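Next comes entry-v5.cif, a file with mmCIF, C-alpha atoms.
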data_model
loop_
_atom_site.label_atom_id
_atom_site.label_comp_id
_atom_site.auth_asym_id
_atom_site.auth_seq_id
_atom_site.Cartn_x
_atom_site.Cartn_y
_atom_site.Cartn_z
CA MET H 5 24.19 5.53 -6.85
CA SER H 6 26.82 6.01 -9.46
CA LEU H 7 29.65 7.64 -7.49
CA LEU H 8 27.88 10.57 -5.78
CA SER H 9 24.22 10.63 -4.69
CA PRO H 10 23.19 14.03 -3.33
CA PHE H 11 19.67 14.35 -1.86
CA THR H 12 17.14 16.99 -2.86
CA SER H 13 13.51 17.25 -1.74
CA ILE H 14 12.49 18.64 -5.15
CA LEU H 15 12.64 15.08 -6.51
CA SER H 16 10.04 13.74 -4.01
CA ILE H 17 6.26 13.76 -3.85
CA LYS H 18 5.19 13.56 -0.20
CA PRO H 19 2.55 14.86 2.21
CA ARG H 20 2.85 17.96 4.39
CA CYS H 21 2.93 17.04 8.06
CA SER H 22 2.88 18.76 11.45
CA TYR H 23 2.79 17.31 14.95
CA ASP H 24 2.55 19.23 18.22
CA GLY H 25 2.36 16.29 20.64
CA THR H 26 -1.44 16.22 20.67
CA TYR H 27 -2.50 16.54 17.03
CA LEU H 28 -0.80 15.03 14.00
CA LEU H 29 -1.99 16.71 10.81
CA ALA H 30 -0.97 15.49 7.37
CA SER H 31 -2.29 16.33 3.93
CA THR H 32 -1.42 15.79 0.30
CA GLY H 33 1.61 17.86 -0.68
CA GLY H 34 1.33 20.89 -2.91
CA LEU H 35 3.18 19.34 -5.88
CA HIS H 36 0.90 16.29 -5.90
CA ARG H 37 -2.19 18.49 -5.65
CA ALA H 38 -0.96 20.72 -8.48
CA LEU H 39 -0.21 17.71 -10.69
CA SER H 40 -3.81 16.52 -10.15
CA LEU H 41 -5.15 20.02 -10.97
CA PHE H 42 -6.24 20.27 -7.31
CA SER H 43 -8.81 17.51 -7.85
CA TYR H 44 -7.32 15.13 -5.26
CA GLU H 45 -6.44 15.55 -1.59
CA ARG H 46 -5.99 13.32 1.47
CA ARG H 47 -6.24 14.86 4.98
CA LEU H 48 -5.29 12.92 8.09
CA LEU H 49 -5.91 14.04 11.66
CA ILE H 50 -4.71 11.96 14.60
CA ASP H 51 -6.04 13.34 17.90
CA ARG H 52 -4.26 11.89 20.95
CA GLU H 53 -6.69 13.51 23.42
CA SER H 54 -9.82 11.89 22.00
CA ARG H 55 -7.86 8.83 20.72
CA MET H 56 -9.47 9.21 17.29
CA ILE H 57 -8.17 9.09 13.71
CA SER H 58 -9.91 10.89 10.86
CA LEU H 59 -8.99 10.44 7.19
CA THR H 60 -10.78 12.41 4.47
CA VAL H 61 -10.13 11.74 0.79
CA THR H 62 -11.40 14.16 -1.87
CA ARG H 63 -11.50 13.02 -5.50
CA TRP H 64 -12.53 15.04 -8.55
CA TRP H 65 -13.14 18.17 -6.46
CA LEU H 66 -16.56 16.99 -5.21
CA PHE H 67 -16.47 13.40 -4.02
CA GLN H 68 -15.39 13.04 -0.39
CA LYS H 69 -15.00 9.91 1.67
CA SER H 70 -14.35 10.22 5.40
CA THR H 71 -13.18 7.47 7.71
CA GLU H 72 -13.13 7.84 11.48
CA LEU H 73 -11.85 5.22 13.87
CA SER H 74 -10.53 4.90 17.39
CA PHE H 75 -7.00 3.97 18.38
CA ASP H 76 -8.34 0.63 19.71
CA ARG H 77 -8.89 -0.62 16.13
CA VAL H 78 -5.26 0.01 15.08
CA LYS H 79 -3.01 -3.04 15.24
CA GLY H 80 0.05 -1.28 13.79
CA VAL H 81 1.48 0.96 11.08
CA LEU H 82 2.07 -0.70 7.71
CA TYR H 83 5.26 0.36 5.94
CA GLY H 84 6.15 -0.94 2.50
CA TYR H 85 8.75 -0.24 -0.19
CA GLN H 86 8.94 -0.79 -3.94
CA ASP H 87 11.35 0.43 -6.56
CA PHE H 88 11.07 0.45 -10.32
CA GLY H 89 13.95 0.58 -12.76
CA THR H 90 13.89 3.57 -15.10
CA SER H 91 17.09 3.06 -17.09
CA TRP H 92 19.37 0.16 -17.89
CA SER H 93 22.67 -0.27 -19.62
CA ILE H 94 23.32 -3.29 -21.77
CA ASN H 95 26.53 -3.62 -23.70
CA LEU H 96 29.33 -6.08 -24.34
CA PHE H 97 31.06 -5.41 -21.00
CA TRP H 98 28.29 -4.55 -18.52
CA VAL H 99 24.59 -5.28 -17.94
CA GLY H 100 22.53 -3.64 -15.20
CA ARG H 101 20.06 -1.08 -13.97
CA THR H 102 21.44 2.44 -13.72
CA ASP H 103 18.50 4.38 -12.20
CA SER H 104 15.23 3.86 -10.34
CA VAL H 105 12.11 5.40 -8.85
CA GLU H 106 11.21 4.57 -5.22
CA MET H 107 7.81 4.33 -3.56
CA PHE H 108 7.21 4.05 0.20
CA VAL H 109 3.62 3.25 1.23
CA VAL H 110 2.31 4.02 4.73
CA GLY H 111 -0.98 2.70 6.07
CA LEU H 112 -2.72 1.31 9.13
CA ALA H 113 -3.45 -2.35 9.91
CA LEU H 114 -6.90 -2.47 11.52
CA THR H 115 -8.75 -5.11 13.54
CA ASP H 116 -12.48 -5.89 13.97
CA PRO H 117 -12.71 -6.49 10.98
CA GLU H 118 -9.16 -6.93 9.75
CA GLU H 119 -8.42 -4.48 6.96
CA ARG H 120 -5.82 -2.05 5.67
CA LEU H 121 -6.29 1.70 5.61
CA PRO H 122 -3.85 3.38 3.20
CA LEU H 123 -2.60 6.75 4.45
CA PHE H 124 0.07 8.24 2.18
CA THR H 125 2.58 7.32 -0.50
CA PHE H 126 6.05 8.86 -0.65
CA PHE H 127 7.31 8.76 -4.22
CA GLY H 128 10.49 10.00 -5.81
CA GLU H 129 13.71 9.62 -7.73
CA GLY H 130 15.94 6.86 -6.41
CA SER H 131 19.48 5.91 -7.27
CA THR H 132 21.22 2.68 -8.15
CA GLU H 133 24.64 1.81 -6.81
CA THR H 134 26.78 0.96 -9.83
CA GLY H 135 30.19 2.22 -8.67
CA TRP H 136 33.16 2.70 -10.96
CA SER H 137 32.30 -0.32 -13.10
CA GLY H 138 28.84 1.11 -13.89
CA VAL H 139 30.26 4.53 -14.69
CA ILE H 140 33.13 3.29 -16.87
CA LEU H 141 31.61 0.19 -18.48
CA GLY H 142 27.87 0.85 -18.19
CA GLY H 143 27.75 4.53 -19.08
CA ASP H 144 26.11 5.49 -15.77
CA SER H 145 26.41 9.10 -14.64
CA VAL H 146 28.99 10.10 -12.03
CA VAL H 147 26.40 12.09 -10.02
CA ASP H 148 22.90 10.65 -9.50
CA PHE H 149 20.50 12.94 -7.64
CA ARG H 150 17.87 11.29 -5.46
CA GLY H 151 14.80 12.42 -3.56
CA THR H 152 14.28 12.50 0.20
CA GLN H 153 11.30 10.10 0.16
CA ASP H 154 13.19 7.45 2.18
CA HIS H 155 14.07 9.82 5.03
CA ASP H 156 10.71 11.62 4.92
CA SER H 157 8.66 8.40 5.00
CA ARG H 158 10.62 7.00 7.96
CA GLY H 159 10.07 10.27 9.84
CA PHE H 160 6.34 10.19 9.11
CA VAL H 161 6.03 6.54 10.18
CA GLY H 162 7.81 7.38 13.44
CA LEU H 163 5.39 10.24 14.13
CA VAL H 164 2.32 8.08 13.41
CA CYS H 165 3.66 5.28 15.66
CA GLU H 166 4.33 7.77 18.46
CA ALA H 167 0.96 9.52 18.10
CA ILE H 168 -1.07 6.28 18.14
CA GLY H 169 1.23 4.25 20.41
CA VAL H 170 1.74 1.25 18.07
CA LYS H 171 4.63 -0.37 16.21
CA ILE H 172 5.59 -0.82 12.56
CA ILE H 173 4.30 -3.88 10.72
CA PRO H 174 6.15 -4.67 7.47
CA ASP H 175 3.78 -4.46 4.50
#
Would you write out, as structure tokens, the structure that this file holds?
Amino acid sequence: MSLLSPFTSILSIKPRCSYDGTYLLASTGGLHRALSLFSYERRLLIDRESRMISLTVTRWWLFQKSTELSFDRVKGVLYGYQDFGTSWSINLFWVGRTDSVEMFVVGLALTDPEERLPLFTFFGEGSTETGWSGVILGGDSVVDFRGTQDHDSRGFVGLVCEAIGVKIIPD
């Protein structure tokens, strides 16, 4: 985190999402679609009235795979986190990571048969808390911008849990 860590959504790749109490709609975000030259898209529809979930994945513009399942098959919402170091400082006085990229993965744990259904990945610039010692001795920056993927993924997980009526299962 250096000393200051302001948030900006520009540094995150995340899905678009809307929820009106009956339908939760989510799809691959515009930046991710543009980076894939519009060849990849995931669309999720959770319908509380019919108690059905539909996930459609399009790859290479033409190949589509659709999955439909009822709420009864869902055991819980999987929520996982990983971070990867992107810069380090090694010198005579200080050794450590000075920046990172974060990835939050959201999916569904299913029963009959037991399997995982990946939904979306929230990816973006993270920050590493180095404090004054990292800034002075490690050469870390004073201001380290970070994405909103943490906040956005927790909000999405909350909406999916509410829409389906299940709890979070750590991934």
Extract, using all atoms listed in the file, all DNA, RNA and protein residues at most 8 Å from Arg46 (chain H), discarding same-chain residues fewer than 5 positions from it, and format them as a PyMOL selection string.
chain H and resi 31-32+59-62+123-124
Straight-line distance linking CA of Leu82 (chain H) with CA of Thr152 (chain H), stated in Å to one decimal
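If I compute the distance from CA of Leu82 (chain H) to CA of Thr152 (chain H), I get 19.5 Å.
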At a cut-off of 12 Å, using only C-alpha atoms, what residues contact Arg52 (chain H)? Leave out same-chain residues fewer than 2 positions from it and give the result as a ChimeraX atom specification.
/H:23-29,49-50,54-58,74-75,163-169
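Counting from CA of Ile172 (chain H), the distance to CA of Gly34 (chain H) is 27.0 Å.
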Nearest candidate to Tyr85 (chain H) (options H:Ile17, H:Arg37, H:Gly162, H:Met107; using all atoms listed in the file):
H:Met107
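The spacing separating CA of Phe108 (chain H) from CA of Thr71 (chain H) amounts to 22.0 Å.
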Evaluating the PyMOL selection byres ((chain H and resi 120) around 12) on the displayed file yields which residues, as an mmCIF file with C-alpha atoms, in the frame of the given file?
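Saved to selection-v1.cif:
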data_model
loop_
_atom_site.group_PDB
_atom_site.id
_atom_site.type_symbol
_atom_site.label_atom_id
_atom_site.label_comp_id
_atom_site.auth_asym_id
_atom_site.auth_seq_id
_atom_site.Cartn_x
_atom_site.Cartn_y
_atom_site.Cartn_z
ATOM 1 C CA ARG H 77 -8.890 -0.620 16.130
ATOM 2 C CA VAL H 78 -5.260 0.010 15.080
ATOM 3 C CA LYS H 79 -3.010 -3.040 15.240
ATOM 4 C CA GLY H 80 0.050 -1.280 13.790
ATOM 5 C CA VAL H 81 1.480 0.960 11.080
ATOM 6 C CA LEU H 82 2.070 -0.700 7.710
ATOM 7 C CA TYR H 83 5.260 0.360 5.940
ATOM 8 C CA VAL H 109 3.620 3.250 1.230
ATOM 9 C CA VAL H 110 2.310 4.020 4.730
ATOM 10 C CA GLY H 111 -0.980 2.700 6.070
ATOM 11 C CA LEU H 112 -2.720 1.310 9.130
ATOM 12 C CA ALA H 113 -3.450 -2.350 9.910
ATOM 13 C CA LEU H 114 -6.900 -2.470 11.520
ATOM 14 C CA THR H 115 -8.750 -5.110 13.540
ATOM 15 C CA ASP H 116 -12.480 -5.890 13.970
ATOM 16 C CA PRO H 117 -12.710 -6.490 10.980
ATOM 17 C CA GLU H 118 -9.160 -6.930 9.750
ATOM 18 C CA GLU H 119 -8.420 -4.480 6.960
ATOM 19 C CA LEU H 121 -6.290 1.700 5.610
ATOM 20 C CA PRO H 122 -3.850 3.380 3.200
ATOM 21 C CA LEU H 123 -2.600 6.750 4.450
ATOM 22 C CA ILE H 173 4.300 -3.880 10.720
ATOM 23 C CA ASP H 175 3.780 -4.460 4.500
#
